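Structure first, then comments.
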Protein chains: 2
Amino acid sequence: MRKISPWALWTLNFQVMTSLLAGVAPRLRALRLEVKEFLLLSKLDEHPYPADLARALVTPKPSVTFMVKRMEALRYLRRELQPDDLRRFRLTLTPAGRSAMESAREIFDEEFGRRLSRLTQAQRVELMRIFERLA
Amino acid sequence: MRKISPWALWTLNFQVMTSLLAGVAPRLRALRLEVKEFLLLSKLDEHPYPADLARALVTPKPSVTFMVKRMEALRYLRRELQPDDLRRFRLTLTPAGRSAMESAREIFDEEFGRRLSRLTQAQRVELMRIFERLA
DNA sequence: TACATCTAGTTTAATCTGGAACCATTTGCC
DNA sequence: GGCAAATGGTTCCAGATTAAACTAGATGTA
């Protein structure tokens, strides 16, 4: 049984991720989305407040502020003051935002799906199981 | 056999990677290295020219110029004009640079190793095999 | 009620990033 | 050789990023 170096694993994974991102990013730009912005939209239902998003995305609060601003300017989301806590803004996806987010997801599905097709179905299932364990 | 969504896989992986990076980054900073800079040092033996590094790291040339400057200022690498091609600079790690790079690698090994210990040895081997196939 | 402490979100300011244009050198081609 | 095209690397600069400080509102405690 060969010995696995975490570092070697990490770099391989990093390579896969970055080359994948390089393929996806230009296509997302056509939807006026950066990768991080897309991730933000995709987590919005589950985490509807900026501070909440910042934690979920492991991203600094000011960055979230800026992304939210841009997404609002594009009318991809709405910001409503929460009446029972005046510090907070509840964010909701507009239909346009949801549709952009779903198109972006399809781009990922396709681009990553192409790579994944190199694996057997059993390997894909195992990979899912492994990531769930690592996350 | 359950159906695997590439998108779901991708986000899980992204989550693992970012939360891992969040743990590693501050410890790297103590070595005066950003993550990307560390990656640059780690590829330097294999890709000793800036343009070469830019391709290997999927990073724009100006960013490489900038990182190389910082690494040179820290005396982590040396830049020597290539006599037979006056456009090129050959980069070499100094002993200090190599030692910083190795410490950084140990940090990754430890931090990622902790996660990987949740898997069976068979799973780790399978994961390596899968990444090799995807890369 | 009064006051300290905590949390949400923004602003500021310093730094980083990367596309575009650039110069110098080398390579390919006639 | 001579000239166009390609390559290595840097500079410029507009825009993105983020740590630190801040404002405003909420919460806990006495």
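Chain labels follow the order of the structure tokens: the first chain is A, the next B, and so on; residue numbering restarts at 1 in every chain, and ligands are counted from 1 in their shown order.
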
Can I get the residues of chain D within 8 Å of chain B, each with the closest pair of atoms and their distance in Å to one decimal, using only C-alpha atoms (C1' of nucleotides), sorted chain first then ascending number, as a Markdown table?
```
| residue | atom | partner | partner_atom | distance |
| --- | --- | --- | --- | --- |
| D:DG8 | C1' | B:Arg87 | CA | 5.2 |
| D:DG9 | C1' | B:Arg87 | CA | 7.1 |
| D:DT10 | C1' | B:Thr65 | CA | 7.6 |
```

### Task
From a DSSP pass on the backbone, collect the residues of chain B flagged as strand (DSSP E) and hand them back as a PyMOL selection string.
chain B and resi 77-81+89-93

For the selection just defined, write its residues with C-alpha atoms to a file, as a short mmCIF file (atom, residue, chain, number, x, y, z; two decimals), in the first residue's frame.
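File part.cif, as written:
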```
data_model
loop_
_atom_site.label_atom_id
_atom_site.label_comp_id
_atom_site.auth_asym_id
_atom_site.auth_seq_id
_atom_site.Cartn_x
_atom_site.Cartn_y
_atom_site.Cartn_z
CA LEU B 77 15.62 33.34 -4.66
CA ARG B 78 18.28 34.64 -7.01
CA ARG B 79 17.82 35.95 -10.52
CA GLU B 80 20.59 35.45 -13.04
CA LEU B 81 20.63 36.60 -16.62
CA PHE B 89 16.33 35.25 -16.17
CA ARG B 90 17.04 31.94 -14.54
CA LEU B 91 15.69 31.75 -11.01
CA THR B 92 17.22 29.64 -8.29
CA LEU B 93 16.18 29.07 -4.70
#
```

Using only C-alpha atoms (C1' of nucleotides), which protein or nucleic acid residues come within 12 Å of Ser5 (chain B)? Drop anything in the same chain fewer than 6 positions from it, and give the result as a compact mmCIF listing (two decimals) with N, CA and C atoms, in the first residue's frame.
```txt
# COMPACT_ATOMS: atom_id res chain seq x y z
N ARG A 105 -24.52 27.67 -12.72
CA ARG A 105 -24.39 26.31 -12.22
C ARG A 105 -24.29 25.31 -13.37
N GLU A 106 -25.05 25.56 -14.41
CA GLU A 106 -24.96 24.66 -15.56
C GLU A 106 -23.58 24.68 -16.20
N PHE A 108 -20.78 25.19 -14.65
CA PHE A 108 -19.94 24.35 -13.80
C PHE A 108 -20.22 22.88 -14.03
N ASP A 109 -21.51 22.55 -14.09
CA ASP A 109 -21.89 21.15 -14.30
C ASP A 109 -21.26 20.61 -15.56
N GLU A 110 -21.31 21.44 -16.60
CA GLU A 110 -20.80 20.96 -17.87
C GLU A 110 -19.27 20.84 -17.85
N GLU A 111 -18.64 21.93 -17.37
CA GLU A 111 -17.18 21.97 -17.42
C GLU A 111 -16.56 20.90 -16.50
N PHE A 112 -17.10 20.79 -15.30
CA PHE A 112 -16.57 19.80 -14.36
C PHE A 112 -17.04 18.41 -14.76
N GLY A 113 -18.25 18.33 -15.29
CA GLY A 113 -18.78 17.04 -15.74
C GLY A 113 -17.88 16.40 -16.79
N ARG A 114 -17.34 17.25 -17.67
CA ARG A 114 -16.44 16.73 -18.70
C ARG A 114 -15.24 16.03 -18.06
N LEU A 116 -15.11 14.86 -14.97
CA LEU A 116 -15.56 13.71 -14.17
C LEU A 116 -15.84 12.50 -15.03
N SER A 117 -16.12 12.74 -16.30
CA SER A 117 -16.45 11.60 -17.15
C SER A 117 -15.24 10.69 -17.35
N GLN A 121 -18.34 5.44 -12.67
CA GLN A 121 -19.45 5.87 -11.82
C GLN A 121 -19.12 5.56 -10.34
N ARG A 124 -16.92 8.20 -8.98
CA ARG A 124 -17.62 9.46 -8.70
C ARG A 124 -18.37 9.38 -7.38
N VAL A 125 -19.02 8.27 -7.15
CA VAL A 125 -19.74 8.10 -5.89
C VAL A 125 -18.77 8.13 -4.71
N LEU A 127 -15.90 9.56 -4.61
CA LEU A 127 -15.36 10.91 -4.46
C LEU A 127 -16.32 11.77 -3.65
N MET A 128 -17.59 11.65 -3.96
CA MET A 128 -18.61 12.40 -3.21
C MET A 128 -18.56 12.03 -1.74
N THR B 11 -18.60 22.27 -5.24
CA THR B 11 -18.73 23.16 -4.07
C THR B 11 -18.17 22.51 -2.82
N LEU B 12 -18.44 21.23 -2.65
CA LEU B 12 -17.87 20.56 -1.48
C LEU B 12 -16.35 20.68 -1.49
```

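Non-sequential neighbours of Ala22 (chain A) (distance at most 12 Å, separation of 6 or more positions within a chain, only C-alpha atoms (C1' of nucleotides)) are Gln15, Val16, Leu28, Arg29, Glu34, Val35, Phe108, Glu111 and Phe112 of chain A; Arg55, Leu57, Val58, Thr59 and Pro60 of chain B.
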
Suppose we keep C-alpha atoms; can you now write the selection as a PDB file, in the first residue's frame?
```
ATOM      1  CA  GLN A  15      -4.202  22.190 -10.097  1.00  0.00           C
ATOM      2  CA  VAL A  16      -7.493  20.592 -11.014  1.00  0.00           C
ATOM      3  CA  LEU A  28     -19.265  33.305 -16.130  1.00  0.00           C
ATOM      4  CA  ARG A  29     -18.139  36.761 -17.114  1.00  0.00           C
ATOM      5  CA  GLU A  34     -17.202  36.549 -10.931  1.00  0.00           C
ATOM      6  CA  VAL A  35     -16.746  33.095  -9.473  1.00  0.00           C
ATOM      7  CA  PHE A 108     -19.941  24.350 -13.796  1.00  0.00           C
ATOM      8  CA  GLU A 111     -17.176  21.972 -17.419  1.00  0.00           C
ATOM      9  CA  PHE A 112     -16.574  19.801 -14.364  1.00  0.00           C
TER      10      PHE A 112
ATOM     11  CA  ARG B  55       2.134  28.986 -17.385  1.00  0.00           C
ATOM     12  CA  LEU B  57       0.765  28.334 -12.097  1.00  0.00           C
ATOM     13  CA  VAL B  58      -1.962  29.566 -14.472  1.00  0.00           C
ATOM     14  CA  THR B  59      -1.131  33.088 -13.303  1.00  0.00           C
ATOM     15  CA  PRO B  60      -0.654  36.310 -15.291  1.00  0.00           C
TER      16      PRO B  60
END
```

### Message
List as a ChimeraX atom specification the protein and nucleic acid residues near DC30 (chain C), meaning an atom at most 12 Å away when only C-alpha atoms (C1' of nucleotides) are counted, but skip any in the same chain fewer than 4 places from it.
### Response
/D:1-4

Serialized selection, N, CA and C atoms (P, O5', C5', C4', C3', O3' and C1' of nucleotides), as a PDB file, in the first residue's frame:
```
ATOM      1  P    DG D   1      24.330  38.282 -40.722  1.00  0.00           P
ATOM      2  O5'  DG D   1      24.466  39.696 -41.445  1.00  0.00           O
ATOM      3  C5'  DG D   1      25.138  39.725 -42.714  1.00  0.00           C
ATOM      4  C4'  DG D   1      24.161  40.176 -43.773  1.00  0.00           C
ATOM      5  C3'  DG D   1      23.067  41.114 -43.262  1.00  0.00           C
ATOM      6  O3'  DG D   1      22.890  42.203 -44.141  1.00  0.00           O
ATOM      7  C1'  DG D   1      22.061  39.175 -44.238  1.00  0.00           C
ATOM      8  P    DG D   2      22.128  43.532 -43.599  1.00  0.00           P
ATOM      9  O5'  DG D   2      20.604  43.176 -43.787  1.00  0.00           O
ATOM     10  C5'  DG D   2      20.028  43.102 -45.097  1.00  0.00           C
ATOM     11  C4'  DG D   2      18.543  42.846 -44.958  1.00  0.00           C
ATOM     12  C3'  DG D   2      17.870  43.732 -43.896  1.00  0.00           C
ATOM     13  O3'  DG D   2      16.618  44.158 -44.407  1.00  0.00           O
ATOM     14  C1'  DG D   2      17.491  41.453 -43.389  1.00  0.00           C
ATOM     15  P    DC D   3      15.826  45.448 -43.762  1.00  0.00           P
ATOM     16  O5'  DC D   3      14.386  44.857 -43.462  1.00  0.00           O
ATOM     17  C5'  DC D   3      13.739  44.011 -44.422  1.00  0.00           C
ATOM     18  C4'  DC D   3      12.763  43.101 -43.722  1.00  0.00           C
ATOM     19  C3'  DC D   3      11.970  43.774 -42.582  1.00  0.00           C
ATOM     20  O3'  DC D   3      10.610  43.400 -42.689  1.00  0.00           O
ATOM     21  C1'  DC D   3      12.940  41.797 -41.799  1.00  0.00           C
ATOM     22  P    DA D   4       9.452  44.273 -41.993  1.00  0.00           P
ATOM     23  O5'  DA D   4       8.444  43.123 -41.567  1.00  0.00           O
ATOM     24  C5'  DA D   4       8.008  42.172 -42.534  1.00  0.00           C
ATOM     25  C4'  DA D   4       7.584  40.899 -41.839  1.00  0.00           C
ATOM     26  C3'  DA D   4       6.542  41.105 -40.741  1.00  0.00           C
ATOM     27  O3'  DA D   4       5.576  40.075 -40.833  1.00  0.00           O
ATOM     28  C1'  DA D   4       8.479  40.062 -39.822  1.00  0.00           C
TER      29       DA D   4
END
```

### Message
Could you list, as a count of residues only, every residue within 12 Å of DT23 (chain D), counting only C-alpha atoms (C1' of nucleotides) and ignoring same-chain residues fewer than 5 positions away?
### Response
5

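Of the residues listed (A:Arg70, A:Arg115, A:His47, A:Arg129), A:Arg115 shows the shortest atom-to-atom separation from chain B; distances use only C-alpha atoms.
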